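Containing mmCIF, C-alpha atoms and all ligand atoms: input-v8.cif.
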```
data_query
#
loop_
_atom_site.group_PDB
_atom_site.id
_atom_site.type_symbol
_atom_site.label_atom_id
_atom_site.label_comp_id
_atom_site.auth_asym_id
_atom_site.auth_seq_id
_atom_site.Cartn_x
_atom_site.Cartn_y
_atom_site.Cartn_z
ATOM 1 C CA MET D 1 -56.330 -31.330 116.789
ATOM 2 C CA ARG D 2 -55.413 -34.645 118.371
ATOM 3 C CA THR D 3 -52.761 -36.959 116.967
ATOM 4 C CA GLN D 4 -52.891 -40.779 116.790
ATOM 5 C CA LEU D 5 -56.602 -41.311 116.073
ATOM 6 C CA PRO D 6 -57.740 -44.842 117.072
ATOM 7 C CA PRO D 7 -59.576 -46.941 114.424
ATOM 8 C CA GLN D 8 -62.851 -46.960 116.367
ATOM 9 C CA ASP D 9 -63.028 -43.158 115.985
ATOM 10 C CA LEU D 10 -63.058 -43.234 112.166
ATOM 11 C CA ALA D 11 -66.108 -41.406 110.830
ATOM 12 C CA ARG D 12 -68.540 -43.560 108.842
ATOM 13 C CA ASP D 13 -72.261 -43.115 108.158
ATOM 14 C CA GLU D 14 -74.945 -45.767 108.634
ATOM 15 C CA ARG D 15 -74.327 -47.334 105.220
ATOM 16 C CA PHE D 16 -71.053 -48.931 106.349
ATOM 17 C CA HIS D 17 -70.843 -52.271 108.210
ATOM 18 C CA ARG D 18 -67.705 -52.635 110.296
ATOM 19 C CA ILE D 19 -66.217 -56.056 111.073
ATOM 20 C CA SER D 20 -63.011 -56.790 112.973
ATOM 21 C CA THR D 21 -59.748 -57.721 111.272
ATOM 22 C CA THR D 22 -59.933 -61.111 113.068
ATOM 23 C CA ASP D 23 -63.385 -61.803 111.622
ATOM 24 C CA ARG D 24 -62.177 -60.680 108.206
ATOM 25 C CA PHE D 25 -59.332 -63.169 108.159
ATOM 26 C CA ASN D 26 -61.316 -65.996 109.749
ATOM 27 C CA ASP D 27 -63.921 -65.753 106.988
ATOM 28 C CA LEU D 28 -63.017 -68.534 104.579
ATOM 29 C CA ARG D 29 -65.434 -67.439 101.842
ATOM 30 C CA PRO D 30 -63.385 -64.675 100.171
ATOM 31 C CA ASN D 31 -60.272 -66.235 98.685
ATOM 32 C CA GLY D 32 -61.288 -69.579 100.154
ATOM 33 C CA LEU D 33 -60.723 -72.766 98.255
ATOM 34 C CA SER D 34 -63.652 -72.274 95.906
ATOM 35 C CA GLN D 35 -62.280 -68.850 94.942
ATOM 36 C CA ALA D 36 -58.581 -69.598 95.091
ATOM 37 C CA GLY D 37 -57.926 -69.182 91.387
ATOM 38 C CA ARG D 38 -58.007 -66.217 89.067
ATOM 39 C CA MET D 39 -61.337 -64.602 88.187
ATOM 40 C CA ASP D 40 -62.452 -66.457 85.092
ATOM 41 C CA PRO D 41 -64.632 -64.295 82.812
ATOM 42 C CA GLU D 42 -66.504 -67.462 81.825
ATOM 43 C CA SER D 43 -67.474 -68.292 85.425
ATOM 44 C CA HIS D 44 -70.741 -66.942 86.846
ATOM 45 C CA GLU D 45 -68.980 -66.571 90.242
ATOM 46 C CA SER D 46 -66.597 -63.963 88.860
ATOM 47 C CA PHE D 47 -69.141 -61.156 88.730
ATOM 48 C CA ASP D 48 -69.884 -61.317 92.455
ATOM 49 C CA ARG D 49 -66.197 -61.697 93.208
ATOM 50 C CA ALA D 50 -65.362 -58.642 91.104
ATOM 51 C CA ARG D 51 -68.072 -56.594 92.822
ATOM 52 C CA ARG D 52 -66.856 -57.665 96.264
ATOM 53 C CA GLN D 53 -63.275 -56.831 95.337
ATOM 54 C CA MET D 54 -64.361 -53.439 94.046
ATOM 55 C CA HIS D 55 -66.085 -52.720 97.362
ATOM 56 C CA GLY D 56 -62.932 -53.851 99.184
ATOM 57 C CA ILE D 57 -60.861 -51.487 97.052
ATOM 58 C CA PHE D 58 -63.306 -48.649 97.763
ATOM 59 C CA VAL D 59 -63.099 -48.990 101.570
ATOM 60 C CA GLY D 60 -59.330 -49.519 101.262
ATOM 61 C CA GLU D 61 -59.029 -46.214 99.418
ATOM 62 C CA ILE D 62 -60.945 -44.408 102.182
ATOM 63 C CA GLN D 63 -58.574 -45.855 104.783
ATOM 64 C CA ALA D 64 -55.513 -45.080 102.633
ATOM 65 C CA LEU D 65 -56.673 -41.448 102.561
ATOM 66 C CA GLU D 66 -57.213 -41.446 106.322
ATOM 67 C CA GLY D 67 -53.883 -43.168 107.018
ATOM 68 C CA ALA D 68 -51.814 -40.869 104.794
ATOM 69 C CA GLY D 69 -53.581 -37.889 106.385
ATOM 70 C CA ARG D 70 -52.638 -39.085 109.864
ATOM 71 C CA THR D 71 -49.013 -39.688 108.851
ATOM 72 C CA ALA D 72 -48.818 -36.193 107.368
ATOM 73 C CA TYR D 73 -50.150 -34.712 110.613
ATOM 74 C CA ASP D 74 -49.163 -36.946 113.555
ATOM 75 C CA TYR D 75 -45.445 -36.130 113.717
ATOM 76 C CA THR D 76 -43.182 -33.144 114.249
ATOM 77 C CA THR D 77 -40.674 -32.235 111.534
ATOM 78 C CA ASP D 78 -37.988 -33.737 113.808
ATOM 79 C CA GLU D 79 -39.713 -37.117 113.497
ATOM 80 C CA THR D 80 -40.614 -36.950 109.793
ATOM 81 C CA PRO D 81 -38.966 -34.549 107.301
ATOM 82 C CA PHE D 82 -41.174 -31.807 105.886
ATOM 83 C CA ALA D 83 -40.671 -33.191 102.360
ATOM 84 C CA MET D 84 -42.167 -36.492 103.544
ATOM 85 C CA LYS D 85 -45.225 -34.634 104.878
ATOM 86 C CA LEU D 86 -45.613 -33.118 101.411
ATOM 87 C CA ASP D 87 -45.479 -36.611 99.890
ATOM 88 C CA MET D 88 -48.131 -37.814 102.347
ATOM 89 C CA ALA D 89 -50.278 -34.787 101.479
ATOM 90 C CA ARG D 90 -49.909 -35.600 97.785
ATOM 91 C CA GLN D 91 -50.922 -39.177 98.566
ATOM 92 C CA CYS D 92 -54.089 -37.882 100.309
ATOM 93 C CA TRP D 93 -54.987 -36.027 97.123
ATOM 94 C CA ASP D 94 -54.467 -39.208 95.072
ATOM 95 C CA GLU D 95 -56.426 -41.409 97.494
ATOM 96 C CA ALA D 96 -59.320 -38.938 97.586
ATOM 97 C CA ARG D 97 -59.506 -39.271 93.788
ATOM 98 C CA HIS D 98 -59.316 -43.055 94.112
ATOM 99 C CA VAL D 99 -62.273 -43.026 96.538
ATOM 100 C CA GLU D 100 -64.337 -41.134 93.951
ATOM 101 C CA ILE D 101 -63.203 -43.374 91.087
ATOM 102 C CA SER D 102 -63.930 -46.525 93.136
ATOM 103 C CA LEU D 103 -67.362 -45.250 94.104
ATOM 104 C CA MET D 104 -68.212 -44.685 90.443
ATOM 105 C CA LEU D 105 -66.727 -48.050 89.460
ATOM 106 C CA GLY D 106 -69.006 -49.604 92.093
ATOM 107 C CA ASP D 107 -71.961 -48.052 90.246
ATOM 108 C CA HIS D 108 -70.522 -49.275 86.967
ATOM 109 C CA MET D 109 -70.208 -52.831 88.292
ATOM 110 C CA GLY D 110 -73.541 -52.918 90.103
ATOM 111 C CA THR D 111 -72.674 -52.674 93.789
ATOM 112 C CA GLU D 112 -73.306 -49.982 96.377
ATOM 113 C CA VAL D 113 -71.766 -48.656 99.593
ATOM 114 C CA GLY D 114 -72.344 -51.124 102.427
ATOM 115 C CA GLU D 115 -73.275 -54.128 100.298
ATOM 116 C CA TYR D 116 -70.161 -55.765 101.763
ATOM 117 C CA SER D 117 -68.505 -55.284 105.144
ATOM 118 C CA GLU D 118 -65.520 -53.117 106.028
ATOM 119 C CA ALA D 119 -62.571 -54.218 108.166
ATOM 120 C CA VAL D 120 -60.260 -51.274 108.928
ATOM 121 C CA THR D 121 -57.067 -53.347 108.765
ATOM 122 C CA LEU D 122 -55.269 -50.860 106.553
ATOM 123 C CA PHE D 123 -55.961 -47.995 108.952
ATOM 124 C CA GLU D 124 -54.918 -50.157 111.911
ATOM 125 C CA ALA D 125 -51.491 -50.567 110.257
ATOM 126 C CA ALA D 126 -51.454 -46.771 109.868
ATOM 127 C CA CYS D 127 -51.841 -46.371 113.649
ATOM 128 C CA HIS D 128 -48.355 -47.619 114.483
ATOM 129 C CA PRO D 129 -46.689 -45.032 116.735
ATOM 130 C CA ASP D 130 -43.415 -45.218 114.741
ATOM 131 C CA PRO D 131 -43.695 -43.492 111.323
ATOM 132 C CA VAL D 132 -41.099 -45.875 109.851
ATOM 133 C CA PHE D 133 -43.365 -48.829 110.642
ATOM 134 C CA ARG D 134 -46.237 -47.017 108.913
ATOM 135 C CA LEU D 135 -44.065 -46.588 105.817
ATOM 136 C CA ALA D 136 -43.211 -50.305 105.889
ATOM 137 C CA GLY D 137 -46.672 -51.667 106.770
ATOM 138 C CA VAL D 138 -48.862 -49.243 104.828
ATOM 139 C CA ASN D 139 -46.830 -47.692 101.998
ATOM 140 C CA ARG D 140 -44.840 -50.801 101.172
ATOM 141 C CA ALA D 141 -46.937 -53.830 102.239
ATOM 142 C CA LEU D 142 -50.503 -52.575 101.735
ATOM 143 C CA GLU D 143 -49.924 -50.125 98.894
ATOM 144 C CA GLY D 144 -47.805 -52.926 97.401
ATOM 145 C CA LEU D 145 -50.870 -55.154 97.646
ATOM 146 C CA ALA D 146 -52.809 -52.395 95.834
ATOM 147 C CA ILE D 147 -50.276 -52.654 92.975
ATOM 148 C CA ASP D 148 -50.974 -56.404 92.744
ATOM 149 C CA VAL D 149 -54.758 -56.026 93.034
ATOM 150 C CA PHE D 150 -54.999 -53.237 90.441
ATOM 151 C CA THR D 151 -52.824 -55.202 88.028
ATOM 152 C CA THR D 152 -55.108 -58.223 88.499
ATOM 153 C CA MET D 153 -58.277 -56.151 88.047
ATOM 154 C CA ARG D 154 -56.843 -54.433 84.984
ATOM 155 C CA ASP D 155 -56.066 -57.824 83.391
ATOM 156 C CA PHE D 156 -59.569 -59.028 84.287
ATOM 157 C CA ALA D 157 -61.010 -55.898 82.629
ATOM 158 C CA ALA D 158 -59.022 -56.657 79.478
ATOM 159 C CA GLU D 159 -60.395 -60.205 79.425
ATOM 160 C CA MET D 160 -63.910 -58.842 79.988
ATOM 161 C CA ASN D 161 -63.516 -56.222 77.232
ATOM 162 C CA ASP D 162 -64.407 -53.521 79.769
ATOM 163 C CA PRO D 163 -62.479 -50.333 78.802
ATOM 164 C CA VAL D 164 -63.940 -48.288 81.704
ATOM 165 C CA LEU D 165 -62.662 -50.697 84.359
ATOM 166 C CA TRP D 166 -59.338 -51.134 82.511
ATOM 167 C CA PHE D 167 -58.654 -47.415 82.241
ATOM 168 C CA CYS D 168 -59.582 -46.676 85.882
ATOM 169 C CA GLU D 169 -57.460 -49.527 87.248
ATOM 170 C CA ASP D 170 -54.501 -48.542 85.068
ATOM 171 C CA TRP D 171 -54.767 -44.930 86.237
ATOM 172 C CA MET D 172 -54.911 -45.860 89.927
ATOM 173 C CA LEU D 173 -52.106 -48.394 89.478
ATOM 174 C CA ALA D 174 -49.771 -45.609 88.341
ATOM 175 C CA ASP D 175 -50.523 -43.654 91.534
ATOM 176 C CA GLU D 176 -49.993 -46.718 93.745
ATOM 177 C CA VAL D 177 -46.543 -47.316 92.251
ATOM 178 C CA THR D 178 -45.730 -43.736 93.301
ATOM 179 C CA HIS D 179 -47.061 -44.339 96.847
ATOM 180 C CA VAL D 180 -44.971 -47.487 97.289
ATOM 181 C CA LYS D 181 -41.942 -45.669 95.906
ATOM 182 C CA MET D 182 -42.460 -42.942 98.523
ATOM 183 C CA GLY D 183 -42.522 -45.662 101.205
ATOM 184 C CA SER D 184 -39.293 -47.225 99.908
ATOM 185 C CA THR D 185 -37.514 -43.861 99.647
ATOM 186 C CA TRP D 186 -38.519 -42.465 103.046
ATOM 187 C CA LEU D 187 -38.044 -45.741 104.897
ATOM 188 C CA ARG D 188 -34.445 -45.886 103.638
ATOM 189 C CA GLU D 189 -33.836 -42.179 104.217
ATOM 190 C CA ILE D 190 -35.122 -42.010 107.811
ATOM 191 C CA THR D 191 -33.360 -45.214 108.900
ATOM 192 C CA LYS D 192 -30.109 -44.751 106.994
ATOM 193 C CA ASP D 193 -28.218 -44.391 110.285
ATOM 194 C CA ASP D 194 -30.311 -46.867 112.255
ATOM 195 C CA LYS D 195 -30.200 -50.274 110.595
ATOM 196 C CA GLU D 196 -31.806 -52.011 113.583
ATOM 197 C CA ARG D 197 -34.917 -49.824 113.333
ATOM 198 C CA GLN D 198 -34.960 -50.439 109.567
ATOM 199 C CA GLN D 199 -34.789 -54.209 110.059
ATOM 200 C CA GLN D 200 -37.588 -54.143 112.665
ATOM 201 C CA ALA D 201 -39.786 -52.127 110.287
ATOM 202 C CA LEU D 202 -39.068 -54.549 107.430
ATOM 203 C CA GLU D 203 -39.945 -57.426 109.757
ATOM 204 C CA PHE D 204 -43.300 -55.725 110.434
ATOM 205 C CA GLN D 205 -43.729 -55.414 106.662
ATOM 206 C CA ARG D 206 -43.144 -59.159 106.243
ATOM 207 C CA THR D 207 -45.858 -59.893 108.812
ATOM 208 C CA VAL D 208 -48.330 -57.675 106.927
ATOM 209 C CA ASP D 209 -47.250 -59.163 103.572
ATOM 210 C CA GLY D 210 -47.782 -62.675 104.961
ATOM 211 C CA LEU D 211 -51.294 -61.821 106.145
ATOM 212 C CA PHE D 212 -52.174 -60.286 102.787
ATOM 213 C CA ASN D 213 -50.981 -63.259 100.799
ATOM 214 C CA PHE D 214 -54.464 -64.522 101.779
ATOM 215 C CA ARG D 215 -53.276 -68.070 102.520
ATOM 216 C CA GLY D 216 -51.306 -68.167 99.294
ATOM 217 C CA ALA D 217 -53.914 -66.633 96.980
ATOM 218 C CA ARG D 218 -51.246 -64.200 95.770
ATOM 219 C CA GLY D 219 -48.775 -65.622 93.270
ATOM 220 C CA GLU D 220 -47.003 -65.309 89.954
ATOM 221 C CA THR D 221 -48.832 -67.945 87.939
ATOM 222 C CA ARG D 222 -51.710 -66.986 85.684
ATOM 223 C CA GLU D 223 -54.021 -68.998 87.937
ATOM 224 C CA ALA D 224 -53.296 -66.969 91.105
ATOM 225 C CA SER D 225 -56.282 -64.897 92.271
ATOM 226 C CA ILE D 226 -53.970 -61.937 93.000
ATOM 227 C CA GLN D 227 -51.052 -61.412 90.615
ATOM 228 C CA LEU D 228 -47.738 -60.524 92.235
ATOM 229 C CA ALA D 229 -46.851 -57.589 89.965
ATOM 230 C CA ARG D 230 -43.078 -57.971 89.850
ATOM 231 C CA LYS D 231 -42.349 -55.274 87.257
ATOM 232 C CA PHE D 232 -44.369 -52.547 88.983
ATOM 233 C CA ARG D 233 -42.957 -53.488 92.387
ATOM 234 C CA GLU D 234 -39.437 -53.102 90.997
ATOM 235 C CA MET D 235 -40.396 -49.647 89.696
ATOM 236 C CA ALA D 236 -41.606 -48.863 93.231
ATOM 237 C CA GLY D 237 -38.270 -49.607 94.875
ATOM 238 C CA PHE D 238 -38.609 -53.289 95.817
ATOM 239 C CA ASP D 239 -35.428 -55.378 95.543
ATOM 240 C CA THR D 240 -35.656 -58.630 93.571
ATOM 241 C CA GLU D 241 -34.940 -60.554 96.801
ATOM 242 C CA GLU D 242 -37.848 -58.850 98.574
ATOM 243 C CA ILE D 243 -40.241 -59.846 95.782
ATOM 244 C CA ASP D 244 -38.811 -63.378 95.741
ATOM 245 C CA GLU D 245 -39.426 -63.572 99.479
ATOM 246 C CA ILE D 246 -43.113 -62.598 99.164
ATOM 247 C CA ALA D 247 -43.521 -65.119 96.328
ATOM 248 C CA ALA D 248 -41.857 -67.896 98.348
ATOM 249 C CA MET D 249 -43.962 -67.121 101.431
ATOM 250 C CA ALA D 250 -47.146 -67.228 99.333
ATOM 251 C CA GLU D 251 -46.067 -70.505 97.742
ATOM 252 C CA GLN D 252 -45.547 -72.074 101.154
ATOM 253 C CA GLN D 253 -48.885 -70.771 102.444
ATOM 254 C CA ARG D 254 -50.617 -72.179 99.359
ATOM 255 C CA ALA D 255 -48.995 -75.595 99.907
ATOM 256 C CA GLU D 256 -50.087 -75.581 103.567
ATOM 257 C CA ARG D 257 -53.629 -74.649 102.630
ATOM 258 C CA LEU D 258 -53.849 -77.436 100.073
ATOM 259 C CA ALA D 259 -52.360 -79.925 102.543
ATOM 260 C CA ASN D 260 -54.936 -78.935 105.173
ATOM 261 C CA ALA D 261 -57.740 -79.170 102.637
ATOM 262 C CA ALA D 262 -56.721 -82.737 101.810
ATOM 263 C CA TYR D 263 -57.793 -83.909 105.298
HETATM 264 FE FE FE M 301 -55.266 -45.670 96.289
HETATM 265 FE FE FE M 302 -52.234 -45.541 97.520
#
```
Turn the structure described in the file into structure tokens.
Ligand SMILES: [Fe+2]
Ligand SMILES: [Fe+2]
Amino acid sequence: MRTQLPPQDLARDERFHRISTTDRFNDLRPNGLSQAGRMDPESHESFDRARRQMHGIFVGEIQALEGAGRTAYDYTTDETPFAMKLDMARQCWDEARHVEISLMLGDHMGTEVGEYSEAVTLFEAACHPDPVFRLAGVNRALEGLAIDVFTTMRDFAAEMNDPVLWFCEDWMLADEVTHVKMGSTWLREITKDDKERQQQALEFQRTVDGLFNFRGARGETREASIQLARKFREMAGFDTEEIDEIAAMAEQQRAERLANAAY
């Protein structure tokens, strides 16, 4: 079986609608100014937003499964320790469950496969030739985003009095904390004697984190559309300074967006 599968070779049936990562981030509708704040249960817009987010989570879970599968398989045991392969295999098992849960939550919330587009950004980050960069970009930046998104959705479910959504998000959140923790542990372990490689991987992580701040939509105030989940990130092996850095970057991006909008 081949290693290093390119994103265009991912298997999807005719229900899915692929868009490029560039188109995804140039689209100002999701997380644009009109949807910059938290999902308000009183707002009629929130139901469509929640459905779109659920679809985004669903396709993200598929790609997380595919990415963890590649990372388990693509390297020799000289490149990645066998125990790390086992962790990646365990992650595949979790993500496969998340795909099923997300599919059923889509039914629950009134959306269906292909109602929204799919950009394979997560899998693209999982195509980096260096496994340490995959740990930084996927397990820490993107699975870290999953921690924030699931926390936000869980809080929204509580406000909506929806115990099904709350329970599912809480369950998946626990798994995502484990996946980020795996990223933190293995990144430090593999690069413990190569600080330059570690720093380059962390720099890659910052780039991915910056992109997924969605122009400052992520933040720590109650009004942020994606909550930066500080407590769960700490449990997953993030240093306080790392979390502060993401928060500061998001704050700056938010200020720039508001300044641009003023013209
Ligand atoms: Fe997941
Ligand atoms: Fe995950």
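Comparing the minimum interatomic distances between Ala236 (chain D) and each of D:Asp74, D:Asp209, D:Asp155, D:Glu143, counting only C-alpha atoms, we find that D:Glu143 sits nearest.
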Which neighbours of Met235 (chain D) fall inside 10 Å, counting only C-alpha atoms, when residues of the same chain fewer than 6 positions from it are skipped, and could you give them as a PyMOL selection string? chain D and resi 177-178+180-181
Check which residues fall inside 7 Å of ligand FE 302 (chain M) when counting only C-alpha atoms and all ligand atoms, and print them as a short mmCIF file (atom, residue, chain, number, x, y, z; two decimals) with C-alpha atoms, in the coordinates of the input.
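New file part01.cif:
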```cif
data_model
loop_
_atom_site.label_atom_id
_atom_site.label_comp_id
_atom_site.auth_asym_id
_atom_site.auth_seq_id
_atom_site.Cartn_x
_atom_site.Cartn_y
_atom_site.Cartn_z
CA ALA D 64 -55.51 -45.08 102.63
CA GLN D 91 -50.92 -39.18 98.57
CA GLU D 95 -56.43 -41.41 97.49
CA GLU D 143 -49.92 -50.12 98.89
CA ASP D 175 -50.52 -43.65 91.53
CA GLU D 176 -49.99 -46.72 93.74
CA HIS D 179 -47.06 -44.34 96.85
#
```
The PyMOL selection byres (((not hetatm)) within 12 of (chain M and resi 301)) - which residues does that actually catch in the file I just gave you? List them as a PyMOL selection string. chain D and resi 56-68+90-102+122+138-139+142-147+149-150+168-180
Given the file above and the PyMOL selection byres (((chain D and resi 37) around 12) and not hetatm), which residues are selected, and can you give them as JSON, numbers by chain? {"D": [30, 31, 32, 33, 34, 35, 36, 38, 39, 40, 41, 43, 45, 46, 49, 152, 214, 216, 217, 218, 219, 220, 221, 222, 223, 224, 225, 226, 227, 254]}
In Å, how far is it from CA of Gln198 (chain D) to CA of Lys231 (chain D)? 24.0 Å
Hey, what's within 8 Å of Arg18 (chain D) if we count only C-alpha atoms and toss same-chain stuff fewer than 5 positions away? As number ranges by chain, please? D: 117-120
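Remark: for Gly183 (chain D), the closest of the candidate residues D:Met88, D:Val164, D:Met249, D:Ala261 is D:Met88 (distances computed over only C-alpha atoms).
If all atoms listed in the file are the atoms counted, then among D:Arg52, D:Tyr73, D:Glu241, D:Trp186 the closest residue to Met153 (chain D) is D:Arg52.
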My list of candidates is D:Gln205, D:Thr151, D:Thr240, D:Asn161. Which is closest to Leu228 (chain D) when distances are computed with all atoms listed in the file? D:Thr151
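Note that CA of Ala259 (chain D) and CA of Thr207 (chain D) are 22.0 Å apart.
Across the model, the gap from CA of Gly237 (chain D) to CA of Ala136 (chain D) is 12.1 Å.
Of the residues listed (D:Leu28, D:Ala89, D:Ile190, D:Ala229), D:Ile190 shows the shortest atom-to-atom separation from Val132 (chain D); distances use all atoms listed in the file.
Omitting Pro7 (chain D) and its sequence neighbours fewer than 6 positions away, and counting only C-alpha atoms, the residues within 8 Å are Val120, Phe123, Glu124 and Cys127 of chain D.
Once Arg15 (chain D) and its same-chain neighbours fewer than 4 positions away are set aside, Val113, Gly114 and Glu115 of chain D remain within 9 Å of it when counting all atoms listed in the file.
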Residue rebuild result region 37-53 of chain D, N, CA and C atoms as a CSV table (one decimal), keeping the file's coordinate frame:
```
chain,number,residue,atom,x,y,z
D,37,GLY,N,-58.6,-69.5,92.7
D,37,GLY,CA,-57.9,-69.2,91.4
D,37,GLY,C,-58.2,-67.8,90.9
D,38,ARG,N,-57.8,-67.5,89.7
D,38,ARG,CA,-58.0,-66.2,89.1
D,38,ARG,C,-59.5,-66.1,88.7
D,39,MET,N,-59.9,-64.8,88.6
D,39,MET,CA,-61.3,-64.6,88.2
D,39,MET,C,-61.5,-65.0,86.7
D,40,ASP,N,-62.3,-66.0,86.5
D,40,ASP,CA,-62.5,-66.5,85.1
D,40,ASP,C,-63.7,-65.8,84.5
D,41,PRO,N,-63.5,-65.0,83.4
D,41,PRO,CA,-64.6,-64.3,82.8
D,41,PRO,C,-65.8,-65.2,82.4
D,42,GLU,N,-65.5,-66.5,82.2
D,42,GLU,CA,-66.5,-67.5,81.8
D,42,GLU,C,-67.3,-68.0,83.0
D,43,SER,N,-66.8,-67.7,84.2
D,43,SER,CA,-67.5,-68.3,85.4
D,43,SER,C,-68.5,-67.3,86.0
D,44,HIS,N,-69.7,-67.8,86.3
D,44,HIS,CA,-70.7,-66.9,86.8
D,44,HIS,C,-70.3,-66.4,88.2
D,45,GLU,N,-69.4,-67.0,88.9
D,45,GLU,CA,-69.0,-66.6,90.2
D,45,GLU,C,-68.2,-65.3,90.2
D,46,SER,N,-67.5,-65.1,89.0
D,46,SER,CA,-66.6,-64.0,88.9
D,46,SER,C,-67.2,-62.6,89.0
D,47,PHE,N,-68.5,-62.5,88.7
D,47,PHE,CA,-69.1,-61.2,88.7
D,47,PHE,C,-69.3,-60.7,90.2
D,48,ASP,N,-69.8,-61.6,91.0
D,48,ASP,CA,-69.9,-61.3,92.5
D,48,ASP,C,-68.5,-61.1,93.1
D,49,ARG,N,-67.6,-61.9,92.7
D,49,ARG,CA,-66.2,-61.7,93.2
D,49,ARG,C,-65.7,-60.3,92.8
D,50,ALA,N,-65.9,-59.9,91.6
D,50,ALA,CA,-65.4,-58.6,91.1
D,50,ALA,C,-66.0,-57.5,91.8
D,51,ARG,N,-67.4,-57.6,92.1
D,51,ARG,CA,-68.1,-56.6,92.8
D,51,ARG,C,-67.6,-56.5,94.3
D,52,ARG,N,-67.4,-57.7,94.9
D,52,ARG,CA,-66.9,-57.7,96.3
D,52,ARG,C,-65.5,-57.0,96.3
D,53,GLN,N,-64.6,-57.4,95.4
D,53,GLN,CA,-63.3,-56.8,95.3
D,53,GLN,C,-63.3,-55.3,95.1
```
